[in-house]
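Chemist: To be precise about what I am sending: the file is called structure.csv and holds CSV, C-alpha atoms.
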```
chain,number,residue,atom,x,y,z
A,1,MET,CA,-2.7,10.7,20.6
A,2,ALA,CA,-6.0,12.1,19.4
A,3,LYS,CA,-6.7,14.7,22.1
A,4,LEU,CA,-10.1,14.9,23.7
A,5,SER,CA,-11.4,18.5,23.8
A,6,GLY,CA,-12.0,20.0,27.2
A,7,LEU,CA,-15.7,19.8,26.6
A,8,GLN,CA,-15.6,16.1,25.6
A,9,LEU,CA,-13.4,15.3,28.7
A,10,ALA,CA,-15.7,17.1,31.0
A,11,ALA,CA,-18.8,15.5,29.6
A,12,ALA,CA,-17.3,12.0,29.8
A,13,THR,CA,-16.1,12.6,33.4
A,14,PHE,CA,-19.5,14.1,34.4
A,15,ALA,CA,-21.3,11.0,33.0
A,16,LEU,CA,-19.0,8.7,34.8
A,17,SER,CA,-19.4,10.7,38.0
A,18,ALA,CA,-23.2,10.6,37.8
A,19,SER,CA,-23.3,6.8,37.3
A,20,HIS,CA,-20.9,6.1,40.2
A,21,ALA,CA,-21.7,8.9,42.7
A,22,SER,CA,-22.7,6.6,45.5
A,23,ALA,CA,-19.7,4.2,45.3
A,24,ASP,CA,-17.8,3.2,48.5
A,25,CYS,CA,-15.5,0.3,49.5
A,26,ALA,CA,-18.3,-2.2,48.7
A,27,THR,CA,-18.0,-1.2,45.1
A,28,VAL,CA,-14.6,-1.2,43.4
A,29,ARG,CA,-14.7,1.1,40.3
A,30,MET,CA,-12.1,0.3,37.6
A,31,ALA,CA,-11.5,1.2,34.0
A,32,GLU,CA,-9.3,0.1,31.1
A,33,PRO,CA,-8.7,1.6,27.7
A,34,GLY,CA,-10.0,-1.3,25.5
A,35,TRP,CA,-6.7,-3.2,25.3
A,36,THR,CA,-7.1,-6.9,25.6
A,37,ASP,CA,-4.4,-7.4,28.2
A,38,LEU,CA,-6.0,-4.8,30.5
A,39,ALA,CA,-9.5,-6.1,29.8
A,40,LEU,CA,-8.2,-9.5,31.0
A,41,THR,CA,-6.4,-8.3,34.1
A,42,THR,CA,-9.4,-6.1,35.0
A,43,GLY,CA,-11.6,-9.1,34.4
A,44,ILE,CA,-9.5,-11.2,36.8
A,45,ALA,CA,-9.7,-8.5,39.4
A,46,SER,CA,-13.5,-8.3,38.9
A,47,VAL,CA,-13.9,-12.1,39.3
A,48,VAL,CA,-11.8,-12.2,42.5
A,49,LEU,CA,-13.5,-9.2,44.0
A,50,GLU,CA,-17.0,-10.6,43.3
A,51,GLY,CA,-15.9,-13.9,44.9
A,52,LEU,CA,-15.0,-11.8,48.0
A,53,GLY,CA,-18.5,-10.3,48.0
A,54,TYR,CA,-17.7,-6.9,46.5
A,55,GLU,CA,-19.3,-5.3,43.5
A,56,ALA,CA,-16.8,-4.7,40.7
A,57,GLU,CA,-17.5,-2.2,38.0
A,58,SER,CA,-15.4,-1.6,34.9
A,59,ASP,CA,-15.7,1.0,32.2
A,60,VAL,CA,-13.8,1.2,28.9
A,61,LEU,CA,-12.4,4.8,28.6
A,62,GLY,CA,-9.6,6.7,27.0
A,63,ILE,CA,-6.5,7.0,29.2
A,64,PRO,CA,-6.9,10.8,29.8
A,65,VAL,CA,-10.5,10.2,31.0
A,66,ILE,CA,-9.4,7.4,33.3
A,67,TYR,CA,-6.9,9.7,34.9
A,68,GLU,CA,-9.2,12.7,35.2
A,69,SER,CA,-11.9,10.4,36.7
A,70,MET,CA,-9.4,9.1,39.3
A,71,VAL,CA,-8.5,12.6,40.3
A,72,GLY,CA,-12.2,13.4,40.6
A,73,LYS,CA,-12.7,10.3,42.8
A,74,ASP,CA,-15.1,8.7,40.2
A,75,LEU,CA,-12.7,5.7,39.7
A,76,ASP,CA,-10.7,3.8,42.2
A,77,VAL,CA,-8.3,1.4,40.5
A,78,PHE,CA,-6.4,1.2,37.2
A,79,LEU,CA,-4.3,-1.9,36.5
A,80,GLY,CA,-2.7,-0.8,33.3
A,81,TYR,CA,0.1,1.8,33.8
A,82,TRP,CA,2.8,0.7,31.3
A,83,ASP,CA,6.1,2.2,32.4
A,84,PRO,CA,7.7,4.0,30.5
A,85,ALA,CA,5.4,3.9,27.5
A,86,MET,CA,2.6,5.8,29.3
A,87,GLU,CA,4.9,8.3,31.0
A,88,THR,CA,3.6,11.1,28.9
A,89,TYR,CA,0.0,10.4,30.1
A,90,TYR,CA,0.9,10.1,33.8
A,91,GLN,CA,3.7,12.6,34.4
A,92,ALA,CA,1.4,15.6,35.4
A,93,TYR,CA,-0.6,13.4,37.8
A,94,ARG,CA,2.5,11.9,39.4
A,95,ASP,CA,4.1,15.3,39.9
A,96,SER,CA,1.0,16.6,41.6
A,97,ASN,CA,0.6,13.3,43.7
A,98,GLU,CA,-3.0,13.0,42.6
A,99,ILE,CA,-2.7,9.4,41.5
A,100,GLU,CA,-0.7,6.8,43.4
A,101,THR,CA,1.3,4.0,41.7
A,102,VAL,CA,1.1,1.2,44.3
A,103,HIS,CA,2.2,-2.1,42.8
A,104,GLN,CA,4.1,-3.6,39.9
A,105,ASN,CA,1.8,-6.3,38.5
A,106,LEU,CA,3.8,-7.5,35.5
A,107,ALA,CA,7.4,-7.6,34.4
A,108,GLY,CA,8.9,-8.5,31.0
A,109,ALA,CA,6.4,-6.6,28.8
A,110,LYS,CA,7.4,-4.8,25.6
A,111,PHE,CA,5.7,-2.2,23.4
A,112,THR,CA,7.0,-0.7,20.2
A,113,PHE,CA,6.7,-0.9,16.4
A,114,ALA,CA,6.8,-4.3,14.7
A,115,VAL,CA,6.6,-5.6,11.1
A,116,PRO,CA,5.9,-9.0,9.7
A,117,LYS,CA,9.0,-11.3,9.5
A,118,TYR,CA,9.1,-11.1,5.7
A,119,VAL,CA,9.4,-7.3,5.9
A,120,HIS,CA,12.2,-7.7,8.5
A,121,ASP,CA,13.9,-10.2,6.3
A,122,ALA,CA,13.8,-7.7,3.5
A,123,GLY,CA,15.9,-5.3,5.5
A,124,VAL,CA,13.5,-3.2,7.6
A,125,THR,CA,14.9,-3.9,11.0
A,126,ASP,CA,15.0,-0.4,12.5
A,127,PHE,CA,12.8,2.7,12.8
A,128,ALA,CA,15.4,4.5,10.5
A,129,HIS,CA,14.6,2.1,7.7
A,130,LEU,CA,10.9,2.9,7.4
A,131,ALA,CA,11.0,6.2,5.4
A,132,GLU,CA,13.1,4.8,2.6
A,133,HIS,CA,10.4,2.2,1.9
A,134,ALA,CA,7.4,4.6,2.3
A,135,ASP,CA,5.9,3.5,-0.9
A,136,LYS,CA,5.7,-0.1,0.2
A,137,PHE,CA,4.1,0.9,3.5
A,138,ASP,CA,1.8,3.4,1.7
A,139,SER,CA,3.2,5.9,4.2
A,140,ARG,CA,1.0,4.5,6.9
A,141,MET,CA,1.6,3.1,10.4
A,142,TYR,CA,-1.2,1.3,12.2
A,143,GLY,CA,-2.2,2.0,15.8
A,144,ILE,CA,-5.0,1.1,18.1
A,145,GLU,CA,-7.8,3.1,19.7
A,146,PRO,CA,-7.7,6.9,19.4
A,147,GLY,CA,-6.2,8.1,22.7
A,148,SER,CA,-3.7,5.3,22.8
A,149,ASN,CA,-1.3,6.3,19.9
A,150,GLU,CA,0.3,9.5,21.3
A,151,ILE,CA,3.8,8.2,20.7
A,152,MET,CA,3.1,7.4,17.1
A,153,LEU,CA,1.5,10.8,16.6
A,154,ASP,CA,4.5,12.5,18.3
A,155,ILE,CA,6.9,10.7,15.9
A,156,VAL,CA,4.9,12.0,12.9
A,157,SER,CA,4.5,15.6,14.3
A,158,ARG,CA,8.3,15.8,15.0
A,159,ASN,CA,9.2,14.3,11.6
A,160,ALA,CA,11.3,11.8,13.5
A,161,PHE,CA,13.0,9.2,11.3
A,162,GLY,CA,11.7,11.2,8.3
A,163,LEU,CA,8.1,10.1,9.0
A,164,GLY,CA,6.5,13.5,9.1
A,165,ASP,CA,4.3,12.9,6.1
A,166,TRP,CA,3.1,9.5,7.2
A,167,LYS,CA,-0.5,8.8,8.4
A,168,VAL,CA,-1.3,7.1,11.7
A,169,VAL,CA,-4.3,4.8,11.1
A,170,GLU,CA,-6.3,4.7,14.4
A,171,SER,CA,-9.1,2.1,14.8
A,172,SER,CA,-8.9,-0.5,17.6
A,173,GLU,CA,-6.7,-3.4,18.7
A,174,GLN,CA,-8.9,-5.8,16.8
A,175,GLY,CA,-9.1,-3.6,13.8
A,176,MET,CA,-5.3,-3.2,13.6
A,177,LEU,CA,-4.7,-6.9,14.0
A,178,ALA,CA,-7.3,-7.6,11.2
A,179,GLN,CA,-5.3,-5.3,9.0
A,180,VAL,CA,-2.0,-7.2,9.9
A,181,LYS,CA,-3.7,-10.5,9.1
A,182,LYS,CA,-5.0,-9.2,5.7
A,183,ASN,CA,-1.6,-7.8,4.7
A,184,ALA,CA,0.3,-10.9,5.9
A,185,ARG,CA,-1.9,-13.1,3.8
A,186,LYS,CA,-0.7,-11.3,0.7
A,187,GLU,CA,2.8,-10.5,2.1
A,188,ASP,CA,2.0,-6.8,1.8
A,189,TRP,CA,4.1,-4.5,3.9
A,190,ILE,CA,2.8,-3.1,7.1
A,191,VAL,CA,4.2,-1.5,10.3
A,192,PHE,CA,2.1,-1.5,13.4
A,193,LEU,CA,2.1,-1.1,17.2
A,194,ALA,CA,2.9,-4.4,18.9
A,195,TRP,CA,3.4,-5.6,22.4
A,196,ALA,CA,3.8,-8.5,24.7
A,197,PRO,CA,2.0,-10.2,26.4
A,198,HIS,CA,-0.4,-10.8,23.5
A,199,PRO,CA,-1.3,-13.7,21.3
A,200,MET,CA,-0.2,-11.8,18.2
A,201,ASN,CA,3.3,-12.9,19.1
A,202,THR,CA,2.4,-16.5,18.3
A,203,GLU,CA,-0.4,-16.0,15.8
A,204,PHE,CA,1.8,-14.0,13.4
A,205,GLU,CA,5.5,-14.2,12.6
A,206,ILE,CA,6.5,-10.7,13.6
A,207,GLU,CA,9.7,-8.9,14.5
A,208,TYR,CA,10.1,-5.8,16.7
A,209,LEU,CA,12.1,-2.9,15.3
A,210,THR,CA,15.2,-1.5,16.9
A,211,GLY,CA,15.9,2.3,17.1
A,212,GLY,CA,12.8,3.5,18.9
A,213,ASP,CA,14.5,3.9,22.3
A,214,ASP,CA,14.0,7.7,22.5
A,215,PHE,CA,10.2,7.2,22.1
A,216,TYR,CA,9.3,3.8,23.5
A,217,GLY,CA,12.4,3.1,25.7
A,218,PRO,CA,15.1,0.5,25.5
A,219,ASP,CA,14.8,-3.2,25.0
A,220,PHE,CA,12.0,-2.9,22.4
A,221,GLY,CA,10.0,-0.7,24.7
A,222,GLY,CA,10.7,-3.0,27.6
A,223,ALA,CA,8.1,-2.2,30.2
A,224,THR,CA,6.7,-3.1,33.6
A,225,VAL,CA,3.0,-2.7,34.2
A,226,HIS,CA,1.7,-1.1,37.4
A,227,THR,CA,-1.4,-0.8,39.5
A,228,GLN,CA,-2.5,2.7,40.2
A,229,VAL,CA,-5.2,4.1,42.6
A,230,ARG,CA,-6.8,7.4,43.3
A,231,LYS,CA,-5.1,9.3,46.1
A,232,GLY,CA,-6.0,7.8,49.5
A,233,TYR,CA,-7.8,4.7,48.3
A,234,LEU,CA,-5.5,2.2,50.1
A,235,GLU,CA,-6.2,3.9,53.4
A,236,GLU,CA,-9.9,4.2,52.8
A,237,CYS,CA,-10.3,0.5,51.6
A,238,PRO,CA,-7.5,-1.5,53.1
A,239,ASN,CA,-8.8,-5.0,52.5
A,240,VAL,CA,-9.3,-4.3,48.7
A,241,GLY,CA,-6.0,-2.4,48.8
A,242,ARG,CA,-4.2,-5.5,50.2
A,243,LEU,CA,-5.6,-7.6,47.3
A,244,ILE,CA,-4.7,-5.2,44.5
A,245,THR,CA,-1.2,-4.7,45.9
A,246,GLN,CA,-0.7,-8.5,45.8
A,247,LEU,CA,-2.4,-9.1,42.4
A,248,SER,CA,0.5,-9.9,40.0
A,249,PHE,CA,0.5,-11.6,36.6
A,250,ASP,CA,3.1,-13.1,34.2
A,251,ILE,CA,3.5,-13.1,30.4
A,252,PRO,CA,2.4,-16.8,29.8
A,253,MET,CA,-0.7,-16.3,32.0
A,254,GLU,CA,-1.8,-13.2,30.3
A,255,SER,CA,-1.1,-14.5,26.8
A,256,GLU,CA,-3.2,-17.6,27.6
A,257,GLY,CA,-6.1,-15.5,28.9
A,258,MET,CA,-6.0,-13.1,26.1
A,259,GLY,CA,-6.2,-16.0,23.7
A,260,TYR,CA,-9.6,-16.9,25.3
A,261,ILE,CA,-10.8,-13.4,24.5
A,262,LEU,CA,-9.4,-13.0,21.0
A,263,GLY,CA,-9.5,-16.6,19.9
A,264,ASP,CA,-12.5,-18.1,21.7
A,265,GLY,CA,-14.6,-14.9,21.8
A,266,ASP,CA,-15.0,-15.0,25.6
A,267,ASP,CA,-15.8,-11.8,27.4
A,268,PRO,CA,-13.1,-10.7,29.8
A,269,LYS,CA,-14.7,-12.0,33.0
A,270,ASP,CA,-15.5,-15.4,31.4
A,271,ALA,CA,-11.9,-15.6,30.2
A,272,ALA,CA,-10.7,-14.7,33.6
A,273,ALA,CA,-12.7,-17.3,35.3
A,274,LYS,CA,-11.5,-20.0,32.8
A,275,LEU,CA,-7.9,-18.9,33.4
A,276,LEU,CA,-8.2,-19.0,37.2
A,277,LYS,CA,-9.8,-22.4,37.1
A,278,ALA,CA,-6.8,-23.6,35.0
A,279,ARG,CA,-4.3,-21.7,37.2
A,280,PRO,CA,-5.7,-21.7,40.8
A,281,ASP,CA,-2.3,-21.7,42.4
A,282,HIS,CA,-2.1,-17.9,41.9
A,283,LEU,CA,-5.0,-17.4,44.3
A,284,GLY,CA,-3.0,-18.2,47.5
A,285,ALA,CA,-0.5,-15.4,47.1
A,286,TRP,CA,-3.1,-12.8,45.9
A,287,LEU,CA,-5.4,-13.5,48.8
A,288,ASP,CA,-2.9,-13.8,51.6
A,289,GLY,CA,-4.3,-11.9,54.5
A,290,VAL,CA,-7.4,-10.8,52.5
A,291,THR,CA,-10.8,-11.4,53.9
A,292,ASP,CA,-14.1,-11.5,52.1
A,293,ALA,CA,-16.4,-8.5,52.4
A,294,GLU,CA,-17.9,-9.9,55.7
A,295,GLY,CA,-14.5,-10.6,57.3
A,296,GLY,CA,-14.4,-14.3,56.5
A,297,ASN,CA,-11.7,-16.4,54.7
A,298,GLY,CA,-11.1,-14.7,51.4
A,299,LEU,CA,-9.3,-17.6,49.7
A,300,ALA,CA,-12.1,-20.0,50.6
A,301,ALA,CA,-14.7,-17.6,49.3
A,302,VAL,CA,-13.0,-17.1,45.9
A,303,ARG,CA,-12.4,-20.8,45.5
A,304,ALA,CA,-16.1,-21.5,46.2
A,305,HIS,CA,-17.1,-18.7,43.7
A,306,LEU,CA,-15.0,-20.4,41.0
A,307,GLY,CA,-16.3,-23.9,41.8
A,308,LEU,CA,-12.9,-25.1,42.9
```
Can the structure in the file be given as structure tokens, please?
Modeler:
Amino acid sequence: MAKLSGLQLAAATFALSASHASADCATVRMAEPGWTDLALTTGIASVVLEGLGYEAESDVLGIPVIYESMVGKDLDVFLGYWDPAMETYYQAYRDSNEIETVHQNLAGAKFTFAVPKYVHDAGVTDFAHLAEHADKFDSRMYGIEPGSNEIMLDIVSRNAFGLGDWKVVESSEQGMLAQVKKNARKEDWIVFLAWAPHPMNTEFEIEYLTGGDDFYGPDFGGATVHTQVRKGYLEECPNVGRLITQLSFDIPMESEGMGYILGDGDDPKDAAAKLLKARPDHLGAWLDGVTDAEGGNGLAAVRAHLGL
């Protein structure tokens, strides 16, 4: 990943701390790194929390800043720990018990390199095949936001698979997918970071590469996604804690909601509200035993907030 300097990290954390210094259980402070799946799930949490009468705040921050801010008690909740893909980010905080992983909110995710189907059909089916076609790929692999491509950068720095002289192109999720779309239109070759859930899996004909198990894990970077909190948060805010330890998603649900953001241009909270109106049956399990902020019926409050 593109490492933040100590000064940059301190400045970002200080700015966040200053803006949230008076937060308590009435305000739930979240962050996500600019990935559409996490923008959606954080949007869902925000809509439900607001329906319960809480204030929900969400910042877009790099993963290192998210973790440092949780340690500093400037953020409360992070819904996006991809295990094992984000192990390198989280290991130090887990070992020191400064951040708690409290709930698995998604199963069946995956996260690794992919290529368009026409590239796969031409014989590039494994990480080990990339270097021999460096000219066709222009020795480039496409990632997302700086701070989210550490594994790609590690592959290059270690010259794994003979990719030591390749360039990792960092931009954003949207920028990367725009490049995929441009290349696919001309059937130009491209290798990029791909994952599910995501509408890219239906918008483009793509294939995931084998061979990346040592970096992304087995089963094409098969992953579960977990909810994390700053140490002690569940005890401090048990009603919100009950909600976030019951808030679970599935691949079709997330892919549909992400389509509202990427395809329809909805902001995450609007997409979340649209999704919950289409799938209200999820609310019962999420809100079992959860009250609104005043101690009333939580499910009734959220349904009313959504106009159901």
Chemist: Find the residues with any atom within 12 Å of (-9.0, -11.9, 41.1); use all atoms listed in the file and the coordinates as given in the file, and write the answer as an NGL selection string.
Modeler: :A and (40-54 or 56 or 79 or 240 or 243-249 or 269 or 271-277 or 279-287 or 290 or 298-299 or 301-303 or 305-306)
Chemist: Those residues with C-alpha atoms, as an mmCIF file, in the frame of the given file please?
Modeler:
```
data_model
loop_
_atom_site.group_PDB
_atom_site.id
_atom_site.type_symbol
_atom_site.label_atom_id
_atom_site.label_comp_id
_atom_site.auth_asym_id
_atom_site.auth_seq_id
_atom_site.Cartn_x
_atom_site.Cartn_y
_atom_site.Cartn_z
ATOM 1 C CA LEU A 40 -8.200 -9.500 31.000
ATOM 2 C CA THR A 41 -6.400 -8.300 34.100
ATOM 3 C CA THR A 42 -9.400 -6.100 35.000
ATOM 4 C CA GLY A 43 -11.600 -9.100 34.400
ATOM 5 C CA ILE A 44 -9.500 -11.200 36.800
ATOM 6 C CA ALA A 45 -9.700 -8.500 39.400
ATOM 7 C CA SER A 46 -13.500 -8.300 38.900
ATOM 8 C CA VAL A 47 -13.900 -12.100 39.300
ATOM 9 C CA VAL A 48 -11.800 -12.200 42.500
ATOM 10 C CA LEU A 49 -13.500 -9.200 44.000
ATOM 11 C CA GLU A 50 -17.000 -10.600 43.300
ATOM 12 C CA GLY A 51 -15.900 -13.900 44.900
ATOM 13 C CA LEU A 52 -15.000 -11.800 48.000
ATOM 14 C CA GLY A 53 -18.500 -10.300 48.000
ATOM 15 C CA TYR A 54 -17.700 -6.900 46.500
ATOM 16 C CA ALA A 56 -16.800 -4.700 40.700
ATOM 17 C CA LEU A 79 -4.300 -1.900 36.500
ATOM 18 C CA VAL A 240 -9.300 -4.300 48.700
ATOM 19 C CA LEU A 243 -5.600 -7.600 47.300
ATOM 20 C CA ILE A 244 -4.700 -5.200 44.500
ATOM 21 C CA THR A 245 -1.200 -4.700 45.900
ATOM 22 C CA GLN A 246 -0.700 -8.500 45.800
ATOM 23 C CA LEU A 247 -2.400 -9.100 42.400
ATOM 24 C CA SER A 248 0.500 -9.900 40.000
ATOM 25 C CA PHE A 249 0.500 -11.600 36.600
ATOM 26 C CA LYS A 269 -14.700 -12.000 33.000
ATOM 27 C CA ALA A 271 -11.900 -15.600 30.200
ATOM 28 C CA ALA A 272 -10.700 -14.700 33.600
ATOM 29 C CA ALA A 273 -12.700 -17.300 35.300
ATOM 30 C CA LYS A 274 -11.500 -20.000 32.800
ATOM 31 C CA LEU A 275 -7.900 -18.900 33.400
ATOM 32 C CA LEU A 276 -8.200 -19.000 37.200
ATOM 33 C CA LYS A 277 -9.800 -22.400 37.100
ATOM 34 C CA ARG A 279 -4.300 -21.700 37.200
ATOM 35 C CA PRO A 280 -5.700 -21.700 40.800
ATOM 36 C CA ASP A 281 -2.300 -21.700 42.400
ATOM 37 C CA HIS A 282 -2.100 -17.900 41.900
ATOM 38 C CA LEU A 283 -5.000 -17.400 44.300
ATOM 39 C CA GLY A 284 -3.000 -18.200 47.500
ATOM 40 C CA ALA A 285 -0.500 -15.400 47.100
ATOM 41 C CA TRP A 286 -3.100 -12.800 45.900
ATOM 42 C CA LEU A 287 -5.400 -13.500 48.800
ATOM 43 C CA VAL A 290 -7.400 -10.800 52.500
ATOM 44 C CA GLY A 298 -11.100 -14.700 51.400
ATOM 45 C CA LEU A 299 -9.300 -17.600 49.700
ATOM 46 C CA ALA A 301 -14.700 -17.600 49.300
ATOM 47 C CA VAL A 302 -13.000 -17.100 45.900
ATOM 48 C CA ARG A 303 -12.400 -20.800 45.500
ATOM 49 C CA HIS A 305 -17.100 -18.700 43.700
ATOM 50 C CA LEU A 306 -15.000 -20.400 41.000
#
```
Chemist: Find the spatial neighbours of stretch 163-180 of chain A, counting only C-alpha atoms, within a cut-off of 9 Å - ignore same-chain residues fewer than 5 positions away - and output them as a ChimeraX atom specification.
Modeler: /A:2,34-36,115-116,130-131,134,138-149,152-153,155-158,185,189-193,200,204,262
Chemist: Convert the current residue selection to file output with C-alpha atoms, as a tab-separated table (two decimals), in the frame of the given file.
Modeler:
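See part.tsv below for the written result:
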```tsv
chain	number	residue	atom	x	y	z
A	2	ALA	CA	-6.00	12.10	19.40
A	34	GLY	CA	-10.00	-1.30	25.50
A	35	TRP	CA	-6.70	-3.20	25.30
A	36	THR	CA	-7.10	-6.90	25.60
A	115	VAL	CA	6.60	-5.60	11.10
A	116	PRO	CA	5.90	-9.00	9.70
A	130	LEU	CA	10.90	2.90	7.40
A	131	ALA	CA	11.00	6.20	5.40
A	134	ALA	CA	7.40	4.60	2.30
A	138	ASP	CA	1.80	3.40	1.70
A	139	SER	CA	3.20	5.90	4.20
A	140	ARG	CA	1.00	4.50	6.90
A	141	MET	CA	1.60	3.10	10.40
A	142	TYR	CA	-1.20	1.30	12.20
A	143	GLY	CA	-2.20	2.00	15.80
A	144	ILE	CA	-5.00	1.10	18.10
A	145	GLU	CA	-7.80	3.10	19.70
A	146	PRO	CA	-7.70	6.90	19.40
A	147	GLY	CA	-6.20	8.10	22.70
A	148	SER	CA	-3.70	5.30	22.80
A	149	ASN	CA	-1.30	6.30	19.90
A	152	MET	CA	3.10	7.40	17.10
A	153	LEU	CA	1.50	10.80	16.60
A	155	ILE	CA	6.90	10.70	15.90
A	156	VAL	CA	4.90	12.00	12.90
A	157	SER	CA	4.50	15.60	14.30
A	158	ARG	CA	8.30	15.80	15.00
A	185	ARG	CA	-1.90	-13.10	3.80
A	189	TRP	CA	4.10	-4.50	3.90
A	190	ILE	CA	2.80	-3.10	7.10
A	191	VAL	CA	4.20	-1.50	10.30
A	192	PHE	CA	2.10	-1.50	13.40
A	193	LEU	CA	2.10	-1.10	17.20
A	200	MET	CA	-0.20	-11.80	18.20
A	204	PHE	CA	1.80	-14.00	13.40
A	262	LEU	CA	-9.40	-13.00	21.00
```
Chemist: Box time for stretch 297-305 of chain A: axis-aligned, enclosing all its listed atoms, 8 Å extra on each side; report centre and edge lengths in Å to one decimal, as JSON.
Modeler:
```
{"center_x": -13.2, "center_y": -18.1, "center_z": 49.2, "size_x": 23.8, "size_y": 22.8, "size_z": 27.0}
```
Chemist: Which is closer to A:Pro199 than all the others in A:Thr112, A:Ser255, A:Gln228, A:Asn183, using all atoms listed in the file?
Modeler: A:Ser255
Chemist: By how many Å are atom CA of A:Met258 and atom CA of A:Pro197 apart?
Modeler: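 Taking atom CA of A:Met258 as the start and atom CA of A:Pro197 as the end point, the length is 8.5 Å.
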Chemist: Taking all atoms listed in the file into account, which of A:Glu57, A:Glu100, A:Glu32, A:Glu205 comes nearest A:Val229?
Modeler: A:Glu100
Chemist: Counting all atoms listed in the file, which residues of stretch 28-133 of chain A sit at most 9 Å from some atom of stretch 221-225 of chain A, and what is each one's closest atom pair with its distance in Å to one decimal, listed by chain and rising residue number, as JSON lines?
Modeler:
```
{"residue": "A:Leu79", "atom": "CA", "partner": "A:Val225", "partner_atom": "CA", "distance": 7.7}
{"residue": "A:Gly80", "atom": "CA", "partner": "A:Val225", "partner_atom": "CA", "distance": 6.1}
{"residue": "A:Tyr81", "atom": "CA", "partner": "A:Val225", "partner_atom": "CA", "distance": 5.4}
{"residue": "A:Trp82", "atom": "CA", "partner": "A:Val225", "partner_atom": "CA", "distance": 4.5}
{"residue": "A:Asp83", "atom": "CA", "partner": "A:Ala223", "partner_atom": "CA", "distance": 5.3}
{"residue": "A:Pro84", "atom": "CA", "partner": "A:Ala223", "partner_atom": "CA", "distance": 6.2}
{"residue": "A:Ala85", "atom": "CA", "partner": "A:Gly221", "partner_atom": "CA", "distance": 7.1}
{"residue": "A:His103", "atom": "CA", "partner": "A:Val225", "partner_atom": "CA", "distance": 8.7}
{"residue": "A:Gln104", "atom": "CA", "partner": "A:Val225", "partner_atom": "CA", "distance": 5.9}
{"residue": "A:Asn105", "atom": "CA", "partner": "A:Val225", "partner_atom": "CA", "distance": 5.7}
{"residue": "A:Leu106", "atom": "CA", "partner": "A:Val225", "partner_atom": "CA", "distance": 5.0}
{"residue": "A:Ala107", "atom": "CA", "partner": "A:Thr224", "partner_atom": "CA", "distance": 4.6}
{"residue": "A:Gly108", "atom": "CA", "partner": "A:Thr224", "partner_atom": "CA", "distance": 6.4}
{"residue": "A:Ala109", "atom": "CA", "partner": "A:Ala223", "partner_atom": "CA", "distance": 4.9}
{"residue": "A:Lys110", "atom": "CA", "partner": "A:Gly222", "partner_atom": "CA", "distance": 4.3}
{"residue": "A:Phe111", "atom": "CA", "partner": "A:Gly221", "partner_atom": "CA", "distance": 4.7}
{"residue": "A:Thr112", "atom": "CA", "partner": "A:Gly221", "partner_atom": "CA", "distance": 5.4}
{"residue": "A:Phe113", "atom": "CA", "partner": "A:Gly221", "partner_atom": "CA", "distance": 8.9}
```
Chemist: Please identify all polymer residues within 9 Å of A:Tyr90, counting all atoms listed in the file, omitting same-chain residues fewer than 3 positions from it, and present them as a PyMOL selection string.
Modeler: chain A and resi 64+67+81+86-87+93-95+99
Chemist: Would you please work out which residue, of A:Gly265, A:Glu55, A:Gly296, A:Tyr216, is nearest to A:Glu150 when using only C-alpha atoms?
Modeler: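 Distance minimum relative to A:Glu150 lands on A:Tyr216.
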Chemist: Between atom CA of A:Ile251 and atom CA of A:Thr125, what is the distance, to one decimal in Å?
Modeler: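 We find that atom CA of A:Ile251 and atom CA of A:Thr125 lie 24.3 Å from each other.
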Chemist: May I ask which of the residues A:Gly295, A:Glu235, A:Glu207, A:Pro252 is the closest one to A:Asp126, counting only C-alpha atoms?
Modeler: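 Among the listed residues, the smallest separation from A:Asp126 belongs to A:Glu207.
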Chemist: What's the 8 Å shell around A:Tyr118, counting all atoms listed in the file, without same-chain residues fewer than 3 positions away, as a list in words?
Modeler: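 Close residues of A:Tyr118: Asp121, Ala122 and Glu187 of chain A.
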Chemist: In Å, with one decimal, what is the gap from atom CA of A:Ile63 to atom CA of A:Thr88?
Modeler: 10.9 Å
Chemist: Of the candidates A:Val124, A:Thr202, A:Ala39, A:Met70, which one gets nearest to A:Asp267 if we count all atoms listed in the file?
Modeler: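 Of the candidates, the smallest distance to A:Asp267 is held by A:Ala39.
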